[in-house]
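> Data: query_38.txt, compact mmCIF, C-alpha atoms.
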```
# COMPACT_ATOMS: atom_id res chain seq x y z
CA MET A 152 18.96 8.88 -12.97
CA ASN A 153 18.19 9.50 -16.66
CA LYS A 154 16.06 12.33 -17.97
CA LYS A 155 12.90 10.28 -18.54
CA VAL A 156 13.00 8.85 -15.01
CA PHE A 157 13.47 12.32 -13.55
CA CYS A 158 10.64 13.76 -15.69
CA PHE A 159 8.17 11.06 -14.70
CA LEU A 160 8.97 11.26 -10.97
CA SER A 161 8.76 15.07 -11.13
CA PHE A 162 5.38 14.82 -12.86
CA ALA A 163 4.15 12.33 -10.26
CA PHE A 164 5.42 14.45 -7.36
CA LEU A 165 3.82 17.67 -8.62
CA THR A 166 0.53 15.93 -9.43
CA LEU A 167 0.35 14.32 -5.99
CA LEU A 168 1.28 17.56 -4.26
CA ILE A 169 -1.44 19.46 -6.13
CA GLY A 170 -3.96 16.75 -5.24
CA TYR A 171 -2.95 16.88 -1.58
CA PHE A 172 -3.28 20.69 -1.58
CA ILE A 173 -6.75 20.55 -3.20
CA ILE A 174 -7.98 18.08 -0.58
CA TYR A 175 -7.01 20.15 2.44
CA LYS A 176 -7.60 23.58 0.88
CA ASN A 177 -11.20 22.57 0.16
CA LYS A 178 -11.52 20.77 3.50
CA PHE A 179 -12.67 17.52 1.93
CA VAL A 180 -11.18 15.99 5.08
CA LYS A 181 -9.86 17.73 8.20
CA ASN A 182 -6.57 15.98 8.83
CA PRO A 183 -4.47 12.98 7.73
CA ILE A 184 -4.40 11.28 11.16
CA ARG A 185 -7.88 9.79 11.48
CA ALA A 186 -9.65 6.43 11.71
CA ASP A 187 -7.19 3.54 11.20
CA ALA A 188 -4.35 6.00 10.67
CA ALA A 189 -4.69 7.17 14.28
CA GLY A 190 -3.85 3.65 15.39
CA TYR A 191 -0.87 3.26 13.05
CA TYR A 192 0.49 6.65 14.10
CA SER A 193 -0.15 6.43 17.87
CA TYR A 194 3.14 4.66 18.59
CA LEU A 195 5.12 7.80 17.69
CA PRO A 196 3.71 10.40 20.12
CA ALA A 197 3.39 7.67 22.76
CA PHE A 198 7.09 6.82 22.46
CA PHE A 199 8.77 10.15 21.66
CA ILE A 200 6.57 12.67 23.48
CA TYR A 201 4.50 11.07 26.23
CA LYS A 202 6.89 8.23 27.18
CA ASP A 203 3.79 6.06 27.34
CA PHE A 204 5.50 2.84 26.27
CA GLY A 205 2.66 0.69 27.59
CA LEU A 206 -0.04 2.78 25.81
CA SER A 207 -1.85 3.16 29.12
CA LYS A 208 -2.63 6.89 28.85
CA THR A 209 -3.79 7.21 25.26
CA ASP A 210 -7.24 8.49 26.25
CA LEU A 211 -5.47 11.65 27.42
CA TYR A 212 -3.80 12.49 24.13
CA LEU A 213 -5.13 10.34 21.27
CA PRO A 214 -7.80 12.37 19.42
CA ASP A 215 -11.18 10.66 19.13
CA ALA A 216 -9.90 7.62 21.05
CA LYS A 217 -13.22 7.14 22.79
CA SER A 218 -15.38 7.81 19.75
CA LEU A 219 -13.66 5.52 17.25
CA LYS A 220 -16.01 2.75 16.23
CA TYR A 221 -13.17 0.23 16.14
CA PRO A 222 -10.57 1.56 18.62
CA ALA A 223 -7.06 0.52 17.75
CA ILE A 224 -5.96 0.26 21.37
CA TYR A 225 -7.70 -2.08 23.78
CA TYR A 226 -7.17 -3.73 27.16
CA LEU A 227 -5.92 -7.31 27.50
CA ASN A 228 -7.52 -8.94 30.53
CA GLU A 229 -4.93 -11.74 30.52
CA THR A 230 -1.98 -9.41 31.15
CA GLY A 231 -3.59 -6.21 32.37
CA LYS A 232 -1.92 -4.22 29.58
CA ASN A 233 -3.10 -2.20 26.63
CA ILE A 234 -2.30 -3.32 23.10
CA ASN A 235 -2.33 -1.58 19.75
CA LYS A 236 -3.89 -3.99 17.27
CA TYR A 237 -1.85 -2.48 14.44
CA SER A 238 1.76 -3.52 13.91
CA LEU A 239 4.73 -1.17 14.13
CA GLY A 240 5.47 -0.91 10.40
CA VAL A 241 3.69 2.29 9.36
CA ALA A 242 4.92 4.14 12.47
CA LEU A 243 8.46 3.01 11.76
CA LEU A 244 8.34 4.20 8.14
CA ILE A 245 6.87 7.62 8.91
CA SER A 246 9.04 8.23 11.98
CA PRO A 247 11.55 10.43 10.04
CA PHE A 248 8.68 12.70 8.96
CA PHE A 249 7.29 12.75 12.50
CA LEU A 250 10.70 13.79 13.83
CA LEU A 251 10.97 16.53 11.21
CA GLY A 252 7.59 17.86 12.33
CA HIS A 253 8.75 17.65 15.94
CA LEU A 254 11.95 19.60 15.18
CA VAL A 255 10.01 22.31 13.33
CA SER A 256 7.61 22.56 16.28
CA LEU A 257 10.55 22.90 18.66
CA ALA A 258 12.24 25.52 16.48
CA PHE A 259 9.13 27.72 16.31
CA SER A 260 7.95 27.09 19.91
CA LEU A 261 4.77 25.36 18.72
CA PRO A 262 2.79 22.90 20.86
CA LEU A 263 4.55 19.54 21.13
CA THR A 264 1.43 17.38 21.22
CA GLY A 265 2.18 15.17 18.24
CA TYR A 266 -1.21 16.04 16.76
CA THR A 267 -0.96 19.66 15.59
CA MET A 268 -1.26 20.31 11.87
CA ILE A 269 2.54 20.54 11.61
CA TYR A 270 2.83 16.90 12.67
CA GLN A 271 -0.24 15.93 10.65
CA HIS A 272 1.03 17.22 7.33
CA PHE A 273 4.64 16.20 7.75
CA VAL A 274 3.60 12.56 8.16
CA GLY A 275 0.76 12.92 5.65
CA LEU A 276 3.17 14.05 2.97
CA GLY A 277 5.48 11.20 3.93
CA ALA A 278 3.12 8.87 2.07
CA ILE A 279 3.89 10.72 -1.16
CA PHE A 280 7.58 10.03 -0.63
CA TYR A 281 6.92 6.30 -0.24
CA LEU A 282 4.67 6.19 -3.29
CA LEU A 283 7.39 7.86 -5.36
CA LEU A 284 9.92 5.40 -3.98
CA GLY A 285 7.68 2.49 -4.98
CA LEU A 286 7.18 3.92 -8.46
CA PHE A 287 10.95 4.37 -8.77
CA PHE A 288 11.56 0.70 -7.92
CA LEU A 289 8.92 -0.40 -10.44
CA LEU A 290 10.34 1.90 -13.08
CA LYS A 291 13.80 0.38 -12.66
CA LEU A 292 12.30 -3.11 -12.84
CA TYR A 293 10.13 -2.35 -15.89
CA GLN A 294 13.08 -0.92 -17.80
CA LYS A 295 14.59 -4.40 -17.96
CA TYR A 296 11.56 -5.87 -19.71
CA TYR A 297 9.56 -3.15 -21.51
CA SER A 298 10.12 -0.30 -23.94
CA LYS A 299 10.32 3.23 -22.53
CA ASN A 300 6.83 4.09 -23.75
CA VAL A 301 5.27 0.98 -22.20
CA VAL A 302 7.05 1.78 -18.93
CA VAL A 303 5.53 5.27 -18.87
CA LEU A 304 2.09 3.97 -19.94
CA THR A 305 2.10 1.44 -17.11
CA LEU A 306 3.25 3.85 -14.41
CA VAL A 307 0.80 6.57 -15.47
CA SER A 308 -1.97 3.94 -15.45
CA LEU A 309 -1.07 2.95 -11.89
CA LEU A 310 -0.92 6.54 -10.71
CA LEU A 311 -4.00 7.98 -12.42
CA ALA A 312 -6.26 5.07 -13.45
CA THR A 313 -6.40 3.33 -10.04
CA ASN A 314 -7.01 4.36 -6.44
CA LEU A 315 -3.26 4.60 -5.77
CA PHE A 316 -3.33 8.40 -6.12
CA HIS A 317 -6.17 8.63 -3.60
CA TYR A 318 -4.30 6.59 -1.00
CA ALA A 319 -1.21 8.78 -1.25
CA THR A 320 -3.22 11.98 -0.71
CA PHE A 321 -6.74 11.71 0.71
CA ASP A 322 -6.12 8.63 2.87
CA SER A 323 -2.36 8.95 2.96
CA LEU A 324 -1.75 7.31 6.34
CA MET A 325 -3.55 4.07 5.65
CA SER A 326 -1.09 1.20 5.30
CA HIS A 327 -1.58 0.47 1.61
CA VAL A 328 0.80 2.92 -0.07
CA PHE A 329 3.54 1.80 2.31
CA SER A 330 2.94 -1.85 1.42
CA PHE A 331 2.95 -0.89 -2.26
CA SER A 332 6.34 0.77 -1.90
CA LEU A 333 7.91 -2.09 0.06
CA ILE A 334 6.61 -4.83 -2.24
CA SER A 335 7.81 -2.85 -5.27
CA GLY A 336 11.26 -2.73 -3.71
CA PHE A 337 11.12 -6.43 -2.85
CA LEU A 338 10.34 -7.30 -6.49
CA TYR A 339 13.17 -5.09 -7.69
CA PHE A 340 15.80 -6.66 -5.43
CA LEU A 341 14.47 -10.17 -6.02
CA ASP A 342 14.76 -9.86 -9.79
CA ASN A 343 17.77 -11.77 -11.13
CA LYS A 344 17.89 -10.52 -14.70
CA ASN A 345 21.28 -9.32 -15.92
CA LYS A 346 23.11 -10.77 -12.92
CA LYS A 347 26.41 -12.60 -13.51
CA ASN A 348 25.01 -15.70 -11.86
CA PRO A 349 21.23 -15.83 -12.43
CA LYS A 350 20.90 -18.77 -10.06
CA GLU A 351 21.51 -16.74 -6.94
CA LEU A 352 21.04 -13.29 -5.45
CA ASN A 353 24.12 -11.40 -4.41
CA LEU A 354 24.68 -10.63 -0.74
CA LYS A 355 23.40 -7.05 -0.98
CA ASN A 356 20.13 -8.03 -2.67
CA SER A 357 19.59 -10.91 -0.25
CA ILE A 358 19.98 -8.66 2.79
CA LEU A 359 17.88 -5.85 1.32
CA GLY A 360 15.23 -8.36 0.24
CA GLY A 361 15.08 -9.74 3.78
CA ILE A 362 14.82 -6.26 5.28
CA LEU A 363 12.00 -5.35 2.91
CA LEU A 364 10.18 -8.62 3.60
CA GLY A 365 10.42 -7.85 7.31
CA LEU A 366 9.00 -4.37 6.80
CA ILE A 367 6.23 -5.82 4.61
CA PHE A 368 5.30 -8.07 7.55
CA LEU A 369 5.47 -5.18 10.04
CA VAL A 370 3.16 -3.00 7.94
CA ARG A 371 0.56 -5.72 7.30
CA ASN A 372 1.18 -9.19 8.71
CA SER A 373 -0.95 -11.03 6.14
CA ASN A 374 1.22 -9.68 3.32
CA LEU A 375 3.89 -12.14 4.36
CA ILE A 376 2.39 -14.31 1.61
CA ILE A 377 4.64 -12.29 -0.71
CA GLY A 378 7.32 -14.66 0.56
CA LEU A 379 5.95 -17.20 -1.94
CA LEU A 380 8.06 -15.33 -4.49
CA LEU A 381 11.11 -16.89 -2.85
CA PHE A 382 10.06 -20.29 -4.20
CA PRO A 383 12.45 -20.16 -7.21
CA LEU A 384 15.35 -19.76 -4.76
CA ILE A 385 14.15 -22.85 -2.88
CA LYS A 386 13.76 -24.76 -6.14
CA LYS A 387 17.32 -23.86 -7.15
CA LYS A 388 18.52 -24.87 -3.66
CA ASN A 389 19.95 -21.40 -3.21
CA PHE A 390 20.11 -21.80 0.56
CA LYS A 391 22.84 -19.19 1.05
CA SER A 392 20.62 -16.39 -0.27
CA LEU A 393 17.63 -17.73 1.65
CA LEU A 394 19.64 -17.77 4.88
CA PHE A 395 20.61 -14.11 4.51
CA ILE A 396 17.01 -13.20 3.65
CA LEU A 397 15.69 -15.07 6.70
CA PHE A 398 18.28 -13.55 9.03
CA SER A 399 17.55 -9.99 7.84
CA PHE A 400 13.82 -10.64 8.05
CA LEU A 401 14.00 -11.82 11.67
CA ILE A 402 16.19 -8.89 12.75
CA VAL A 403 13.67 -6.40 11.33
CA CYS A 404 10.71 -8.23 12.91
CA LEU A 405 12.33 -8.57 16.34
CA PRO A 406 10.87 -5.30 17.78
CA GLN A 407 7.35 -6.47 16.88
CA PHE A 408 7.87 -9.90 18.46
CA LEU A 409 9.25 -8.27 21.63
CA TYR A 410 6.32 -5.83 21.78
CA TRP A 411 3.79 -8.64 21.44
CA HIS A 412 5.58 -10.58 24.17
CA TYR A 413 5.59 -7.53 26.43
CA VAL A 414 1.84 -6.91 26.14
CA SER A 415 0.56 -10.49 25.82
CA GLY A 416 3.25 -12.87 27.06
CA SER A 417 3.51 -14.42 23.58
CA PHE A 418 5.96 -13.65 20.78
CA PHE A 419 3.23 -14.25 18.18
CA LEU A 420 -0.20 -12.68 18.43
CA PHE A 421 -3.34 -12.20 16.34
CA SER A 422 -4.20 -8.75 17.63
CA TYR A 423 -7.43 -8.06 15.73
CA LYS A 424 -9.79 -8.75 18.62
CA GLY A 425 -13.33 -9.62 17.50
CA GLU A 426 -12.32 -9.72 13.83
CA GLY A 427 -11.25 -12.59 11.64
CA PHE A 428 -11.62 -14.66 8.48
CA ASN A 429 -14.59 -16.61 7.11
CA PHE A 430 -12.52 -19.08 5.13
CA LEU A 431 -15.51 -21.24 4.21
CA SER A 432 -17.49 -18.41 2.64
CA PRO A 433 -15.16 -16.05 0.75
CA LYS A 434 -16.87 -13.23 -1.16
CA ILE A 435 -14.67 -13.60 -4.23
CA PHE A 436 -17.14 -12.33 -6.84
CA LYS A 437 -18.05 -9.27 -4.77
CA THR A 438 -14.39 -8.55 -4.09
CA LEU A 439 -13.57 -8.58 -7.79
CA PHE A 440 -16.68 -7.32 -9.57
CA SER A 441 -19.24 -5.70 -7.27
CA VAL A 442 -20.28 -2.07 -7.63
CA ARG A 443 -19.66 -1.63 -3.93
CA LYS A 444 -15.95 -2.46 -3.85
CA GLY A 445 -15.07 -4.65 -6.83
CA LEU A 446 -11.50 -4.32 -8.08
CA PHE A 447 -12.45 -4.45 -11.75
CA PHE A 448 -15.44 -2.11 -11.35
CA TRP A 449 -13.39 0.65 -9.74
CA ALA A 450 -10.13 0.02 -11.59
CA PRO A 451 -11.19 -1.50 -14.94
CA VAL A 452 -7.74 -0.73 -16.35
CA PHE A 453 -6.64 -4.02 -14.78
CA PHE A 454 -8.76 -5.88 -17.33
CA LEU A 455 -5.94 -5.02 -19.74
CA GLY A 456 -3.64 -7.15 -17.63
CA LEU A 457 -5.51 -10.24 -18.81
CA LEU A 458 -4.06 -9.58 -22.26
CA GLY A 459 -0.57 -9.79 -20.80
CA ILE A 460 -0.67 -13.23 -19.19
CA LYS A 461 1.16 -15.00 -22.01
CA GLY A 462 3.74 -12.25 -22.40
CA LEU A 463 4.47 -12.12 -18.68
CA LYS A 464 4.98 -15.87 -18.55
CA GLU A 465 7.69 -15.51 -21.18
CA LYS A 466 9.38 -12.62 -19.35
CA PHE A 467 9.24 -14.05 -15.81
CA LYS A 468 9.53 -17.79 -16.34
CA ALA A 469 10.65 -18.62 -12.80
CA LEU A 470 8.33 -16.18 -11.03
CA PHE A 471 5.19 -16.46 -13.16
CA PHE A 472 3.50 -19.20 -11.13
CA PRO A 473 4.60 -17.71 -7.78
CA PHE A 474 3.02 -14.44 -9.01
CA LEU A 475 -0.24 -16.27 -9.69
CA GLY A 476 0.01 -18.03 -6.33
CA VAL A 477 0.34 -14.73 -4.47
CA ILE A 478 -2.55 -13.16 -6.41
CA PHE A 479 -4.94 -16.08 -5.88
CA LEU A 480 -4.05 -16.47 -2.20
CA PHE A 481 -4.36 -12.72 -1.67
CA ILE A 482 -7.82 -12.67 -3.27
CA TYR A 483 -8.89 -15.62 -1.12
CA LEU A 484 -7.64 -13.97 2.08
CA ILE A 485 -9.19 -10.54 1.58
CA SER A 486 -12.48 -11.96 0.30
CA SER A 487 -12.60 -14.17 3.41
CA TRP A 488 -12.09 -11.26 5.80
CA TYR A 489 -15.16 -10.69 7.97
CA ASP A 490 -15.63 -7.29 6.31
CA TRP A 491 -14.68 -8.11 2.72
CA SER A 492 -15.40 -4.49 1.66
CA PHE A 493 -12.85 -3.08 4.14
CA GLY A 494 -15.27 -0.35 5.17
CA ALA A 495 -14.99 3.25 4.03
CA SER A 496 -12.72 3.29 1.03
CA PHE A 497 -12.40 4.46 -2.55
CA GLY A 498 -12.55 1.27 -4.57
CA ASN A 499 -11.03 -1.86 -3.11
CA ARG A 500 -8.11 -0.50 -1.11
CA ALA A 501 -6.75 -3.89 -0.08
CA PHE A 502 -5.54 -4.65 -3.63
CA ILE A 503 -3.14 -1.70 -3.60
CA ASP A 504 -0.71 -3.88 -1.66
CA ILE A 505 -0.25 -6.20 -4.65
CA TYR A 506 -0.47 -3.56 -7.38
CA PRO A 507 3.27 -4.07 -8.01
CA ILE A 508 2.51 -7.62 -9.16
CA LEU A 509 -0.72 -6.75 -10.96
CA SER A 510 1.12 -3.93 -12.74
CA LEU A 511 3.49 -6.43 -14.34
CA PHE A 512 0.48 -8.08 -16.00
CA LEU A 513 -0.84 -4.62 -16.91
CA GLY A 514 2.49 -3.65 -18.47
CA SER A 515 2.56 -6.81 -20.53
CA GLY A 516 -1.02 -6.17 -21.66
CA LEU A 517 -0.22 -2.59 -22.64
CA GLU A 518 2.81 -3.83 -24.55
CA ARG A 519 0.55 -6.05 -26.62
CA ILE A 520 -1.90 -3.20 -27.26
CA VAL A 521 0.93 -0.89 -28.37
CA GLU A 522 2.08 -3.56 -30.82
CA LYS A 523 -1.43 -3.72 -32.30
CA ILE A 524 -2.49 -0.06 -32.48
CA GLY A 525 0.63 2.02 -31.78
CA ASP A 526 1.68 4.42 -29.04
CA LYS A 527 -0.63 7.37 -29.77
CA LYS A 528 -3.84 5.35 -30.04
CA THR A 529 -2.90 3.49 -26.86
CA TRP A 530 -2.60 6.80 -25.00
CA VAL A 531 -6.00 7.87 -26.32
CA PHE A 532 -7.47 4.52 -25.26
CA LEU A 533 -5.87 4.75 -21.82
CA SER A 534 -7.21 8.27 -21.28
CA PHE A 535 -10.71 6.79 -20.91
CA PHE A 536 -9.63 4.82 -17.83
CA ILE A 537 -7.78 7.83 -16.39
CA ILE A 538 -10.72 10.22 -16.81
CA LEU A 539 -13.14 7.65 -15.39
CA ASN A 540 -11.00 7.06 -12.32
CA LEU A 541 -10.23 10.72 -11.62
CA THR A 542 -13.91 11.61 -12.01
CA ASN A 543 -14.97 8.90 -9.57
CA MET A 544 -12.23 9.92 -7.15
CA PHE A 545 -13.29 13.58 -7.18
CA LYS A 546 -16.89 12.51 -6.54
CA TYR A 547 -15.73 10.39 -3.62
CA TRP A 548 -13.77 13.30 -2.14
CA GLN A 549 -16.97 15.39 -2.14
CA ARG A 550 -19.10 12.47 -0.90
CA ILE A 551 -21.18 12.55 -4.05
CA LEU A 552 -20.31 8.87 -4.01
CA PRO A 553 -20.59 7.58 -0.42
CA TYR A 554 -17.61 6.18 1.43
CA ASP A 555 -19.31 2.79 1.53
CA GLN A 556 -22.45 1.01 0.33
CA VAL A 557 -22.29 2.33 -3.23
CA SER A 558 -24.98 0.64 -5.30
CA LEU A 559 -25.50 0.64 -9.06
CA GLU A 560 -28.49 2.93 -8.55
CA ILE A 561 -26.42 5.47 -6.61
CA TYR A 562 -23.57 5.25 -9.09
CA LEU A 563 -25.79 5.81 -12.15
CA LYS A 564 -27.76 8.56 -10.42
CA ASN A 565 -24.54 10.52 -9.95
CA LEU A 566 -22.91 9.53 -13.22
CA PHE A 567 -22.86 13.09 -14.59
CA VAL A 568 -22.66 14.91 -11.26
CA LEU A 569 -19.16 16.30 -10.73
CA ILE A 570 -19.63 19.21 -8.30
CA LYS A 571 -21.67 18.91 -5.13
```
Can you present the structure in this file as structure tokens?

Amino acid sequence: MNKKVFCFLSFAFLTLLIGYFIIYKNKFVKNPIRADAAGYYSYLPAFFIYKDFGLSKTDLYLPDAKSLKYPAIYYLNETGKNINKYSLGVALLISPFFLLGHLVSLAFSLPLTGYTMIYQHFVGLGAIFYLLLGLFFLLKLYQKYYSKNVVVLTLVSLLLATNLFHYATFDSLMSHVFSFSLISGFLYFLDNKNKKNPKELNLKNSILGGILLGLIFLVRNSNLIIGLLLFPLIKKKNFKSLLFILFSFLIVCLPQFLYWHYVSGSFFLFSYKGEGFNFLSPKIFKTLFSVRKGLFFWAPVFFLGLLGIKGLKEKFKALFFPFLGVIFLFIYLISSWYDWSFGASFGNRAFIDIYPILSLFLGSGLERIVEKIGDKKTWVFLSFFIILNLTNMFKYWQRILPYDQVSLEIYLKNLFVLIK
């Protein structure tokens, strides 16, 4: 690891840690395990502490289980068993941090409930680890295509000019940072540049790519569309690499298929009861531009990515159109979801999953800006987006800006309000 990589990751780690401390020191929220996160996490205490493999006793130990508006665990009349609508992925990824919290609790004779603040913060801080891992993968990928300054500009933009920071600290146990990390790794291992034979992946990258694709599916099933990036391998008839990817993918996904079969009798299951897609009426404009949750309203730095389309096409000739395919399909899917706004969230949280792809466009756009106005002026220009995002984020933490239903009137009314 060179000095610049170490310095950036150290800066990111310290910044995230300070943000996390500010959130809980000021009691902006009570604990990391709440709302959707309670569902993602519930597998761990159920399995390791309560031996409740069928999730039949969760009302006894899952905090707020009865008061959640959209309970994660519900009863299946067809089989007489309970099911967690969320997949296993997040629980699997944070299990090392859960076990560390469990060991600390054992060592100091603390309650072994799975929900004390020891457990809460061990797994909450685990999200910071995965964000740093994702940034590391992107950094290694960027270094092949961009100058050092453009690499740093792009990564700082992602960290401080989007809602990525928020979802590694304030809402750290939502699924999005984990998807970000996995997809970043998938892009890194899929990239062929500087390989001896650019027509095929080596065995290691094929297996790791398949494992990551499996984890991507386990964290958020719909993100399997990232598999479209394998199209160049299909086009080149690189069936050997594809076979290893598929085999690794299926091995990783096997526990999820077995769990679904256990609770429902089917190896494949759409577990979001009462929820679904409105494919004939997608809210594309609202998803991209609305004050409520529009991507470009809350993270306008991505407008700069439009300047990088031509440059990215030259850098990623084989993957450029698969990149566009993933982006367009992703936008269509999330804008077709019955709740296109995804409820309480800072900005449009769904897009975090594909930030690794969007960041490639952003990096190419920043490269073009640097060529026109130089490094220093680009940093000054970028500082506007950073200050805007951090200001909005701090307002959101204090509920100056509401968790949902932000209108232009509310936004402008609180434009210069920073402290509640």
> List the spatial neighbours of A:Ile174 as a list in words - criterion: any atom at most 12 Å away, all atoms listed in the file, same-chain residues fewer than 4 positions off excluded.
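So the residues in contact are Leu167, Leu168, Ile169, Gly170, Lys178, Phe179, Val180, Lys181, Asn182, Pro183, Gly275, His317, Ala319, Thr320, Phe321, Asp322, Ser323, Met544, Phe545, Tyr547, Trp548 and Gln549 of chain A.
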> Would you mind exporting C-alpha atoms of the selected residues as a compact mmCIF listing (two decimals), in the coordinates of the input?

```txt
# COMPACT_ATOMS: atom_id res chain seq x y z
CA LEU A 167 0.35 14.32 -5.99
CA LEU A 168 1.28 17.56 -4.26
CA ILE A 169 -1.44 19.46 -6.13
CA GLY A 170 -3.96 16.75 -5.24
CA LYS A 178 -11.52 20.77 3.50
CA PHE A 179 -12.67 17.52 1.93
CA VAL A 180 -11.18 15.99 5.08
CA LYS A 181 -9.86 17.73 8.20
CA ASN A 182 -6.57 15.98 8.83
CA PRO A 183 -4.47 12.98 7.73
CA GLY A 275 0.76 12.92 5.65
CA HIS A 317 -6.17 8.63 -3.60
CA ALA A 319 -1.21 8.78 -1.25
CA THR A 320 -3.22 11.98 -0.71
CA PHE A 321 -6.74 11.71 0.71
CA ASP A 322 -6.12 8.63 2.87
CA SER A 323 -2.36 8.95 2.96
CA MET A 544 -12.23 9.92 -7.15
CA PHE A 545 -13.29 13.58 -7.18
CA TYR A 547 -15.73 10.39 -3.62
CA TRP A 548 -13.77 13.30 -2.14
CA GLN A 549 -16.97 15.39 -2.14
```
> May I ask which of the residues A:Tyr266, A:Phe467, A:Phe512, A:Trp449 is the closest one to A:Asn543, counting only C-alpha atoms?
A:Trp449
> Take the point (-2.7, -10.7, 0.7) in the file's coordinates, draw a sphere of radius 12 Å around it, and report as a PDB file with C-alpha atoms, in the frame of the given file every protein, DNA or RNA residue with an atom inside or on it, counting all atoms listed in the file.

```
ATOM      1  CA  HIS A 327      -1.580   0.470   1.610  1.00  0.00           C
ATOM      2  CA  SER A 330       2.940  -1.850   1.420  1.00  0.00           C
ATOM      3  CA  PHE A 331       2.950  -0.890  -2.260  1.00  0.00           C
ATOM      4  CA  ILE A 334       6.610  -4.830  -2.240  1.00  0.00           C
ATOM      5  CA  ILE A 367       6.230  -5.820   4.610  1.00  0.00           C
ATOM      6  CA  PHE A 368       5.300  -8.070   7.550  1.00  0.00           C
ATOM      7  CA  ARG A 371       0.560  -5.720   7.300  1.00  0.00           C
ATOM      8  CA  ASN A 372       1.180  -9.190   8.710  1.00  0.00           C
ATOM      9  CA  SER A 373      -0.950 -11.030   6.140  1.00  0.00           C
ATOM     10  CA  ASN A 374       1.220  -9.680   3.320  1.00  0.00           C
ATOM     11  CA  LEU A 375       3.890 -12.140   4.360  1.00  0.00           C
ATOM     12  CA  ILE A 376       2.390 -14.310   1.610  1.00  0.00           C
ATOM     13  CA  ILE A 377       4.640 -12.290  -0.710  1.00  0.00           C
ATOM     14  CA  GLY A 378       7.320 -14.660   0.560  1.00  0.00           C
ATOM     15  CA  LEU A 379       5.950 -17.200  -1.940  1.00  0.00           C
ATOM     16  CA  PHE A 474       3.020 -14.440  -9.010  1.00  0.00           C
ATOM     17  CA  GLY A 476       0.010 -18.030  -6.330  1.00  0.00           C
ATOM     18  CA  VAL A 477       0.340 -14.730  -4.470  1.00  0.00           C
ATOM     19  CA  ILE A 478      -2.550 -13.160  -6.410  1.00  0.00           C
ATOM     20  CA  PHE A 479      -4.940 -16.080  -5.880  1.00  0.00           C
ATOM     21  CA  LEU A 480      -4.050 -16.470  -2.200  1.00  0.00           C
ATOM     22  CA  PHE A 481      -4.360 -12.720  -1.670  1.00  0.00           C
ATOM     23  CA  ILE A 482      -7.820 -12.670  -3.270  1.00  0.00           C
ATOM     24  CA  TYR A 483      -8.890 -15.620  -1.120  1.00  0.00           C
ATOM     25  CA  LEU A 484      -7.640 -13.970   2.080  1.00  0.00           C
ATOM     26  CA  ILE A 485      -9.190 -10.540   1.580  1.00  0.00           C
ATOM     27  CA  SER A 486     -12.480 -11.960   0.300  1.00  0.00           C
ATOM     28  CA  SER A 487     -12.600 -14.170   3.410  1.00  0.00           C
ATOM     29  CA  TRP A 488     -12.090 -11.260   5.800  1.00  0.00           C
ATOM     30  CA  ARG A 500      -8.110  -0.500  -1.110  1.00  0.00           C
ATOM     31  CA  ALA A 501      -6.750  -3.890  -0.080  1.00  0.00           C
ATOM     32  CA  PHE A 502      -5.540  -4.650  -3.630  1.00  0.00           C
ATOM     33  CA  ILE A 503      -3.140  -1.700  -3.600  1.00  0.00           C
ATOM     34  CA  ASP A 504      -0.710  -3.880  -1.660  1.00  0.00           C
ATOM     35  CA  ILE A 505      -0.250  -6.200  -4.650  1.00  0.00           C
ATOM     36  CA  TYR A 506      -0.470  -3.560  -7.380  1.00  0.00           C
ATOM     37  CA  ILE A 508       2.510  -7.620  -9.160  1.00  0.00           C
TER      38      ILE A 508
END
```
> Within 7 Å of stretch 390-399 of chain A, counting all atoms listed in the file, which residues show up once you throw out same-chain ones fewer than 3 positions away? Write them as a PDB file with C-alpha atoms, keeping the file's coordinate frame, please.

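Output (around_18.pdb):
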```
ATOM      1  CA  GLU A 351      21.510 -16.740  -6.940  1.00  0.00           C
ATOM      2  CA  LEU A 352      21.040 -13.290  -5.450  1.00  0.00           C
ATOM      3  CA  SER A 357      19.590 -10.910  -0.250  1.00  0.00           C
ATOM      4  CA  ILE A 358      19.980  -8.660   2.790  1.00  0.00           C
ATOM      5  CA  GLY A 360      15.230  -8.360   0.240  1.00  0.00           C
ATOM      6  CA  GLY A 361      15.080  -9.740   3.780  1.00  0.00           C
ATOM      7  CA  ILE A 362      14.820  -6.260   5.280  1.00  0.00           C
ATOM      8  CA  ILE A 385      14.150 -22.850  -2.880  1.00  0.00           C
ATOM      9  CA  ILE A 402      16.190  -8.890  12.750  1.00  0.00           C
ATOM     10  CA  VAL A 403      13.670  -6.400  11.330  1.00  0.00           C
TER      11      VAL A 403
END
```
> Taking the point (8.9, -3.5, -3.6) as given in the file, collect each protein or nucleic acid residue that comes within 10 Å of it, counting all atoms listed in the file, and present the set as a PyMOL selection string.
chain A and resi 284-289+292+329-341+360+363-364+367+504-505+507-508
> Rank A:Ser238, A:Ser441, A:Gln271, A:Thr313 by their smallest atom-to-atom distance to A:Ser326, using only C-alpha atoms, and report the top residue only.
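For A:Ser326, the nearest of the candidates is A:Ser238.
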> May I ask which of the residues A:Phe259, A:Phe448, A:Phe472, A:Trp411 is the closest one to A:Leu539, counting all atoms listed in the file?
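Residue with the minimum atom-to-atom distance to A:Leu539: A:Phe448.
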> If we count all atoms listed in the file and set the cut-off at 10 Å, which residues sit around A:Tyr192, ignoring sequence neighbours fewer than 2 positions away in its own chain? Please answer as a PyMOL selection string.
chain A and resi 184-185+187-190+194-197+213+237+239-243+245-246+249+265-266+271+274+324-325
> What is the atom CA of A:Asn565 to atom CA of A:Lys546 distance in Å?
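That distance, rounded to one decimal, is 8.6 Å.
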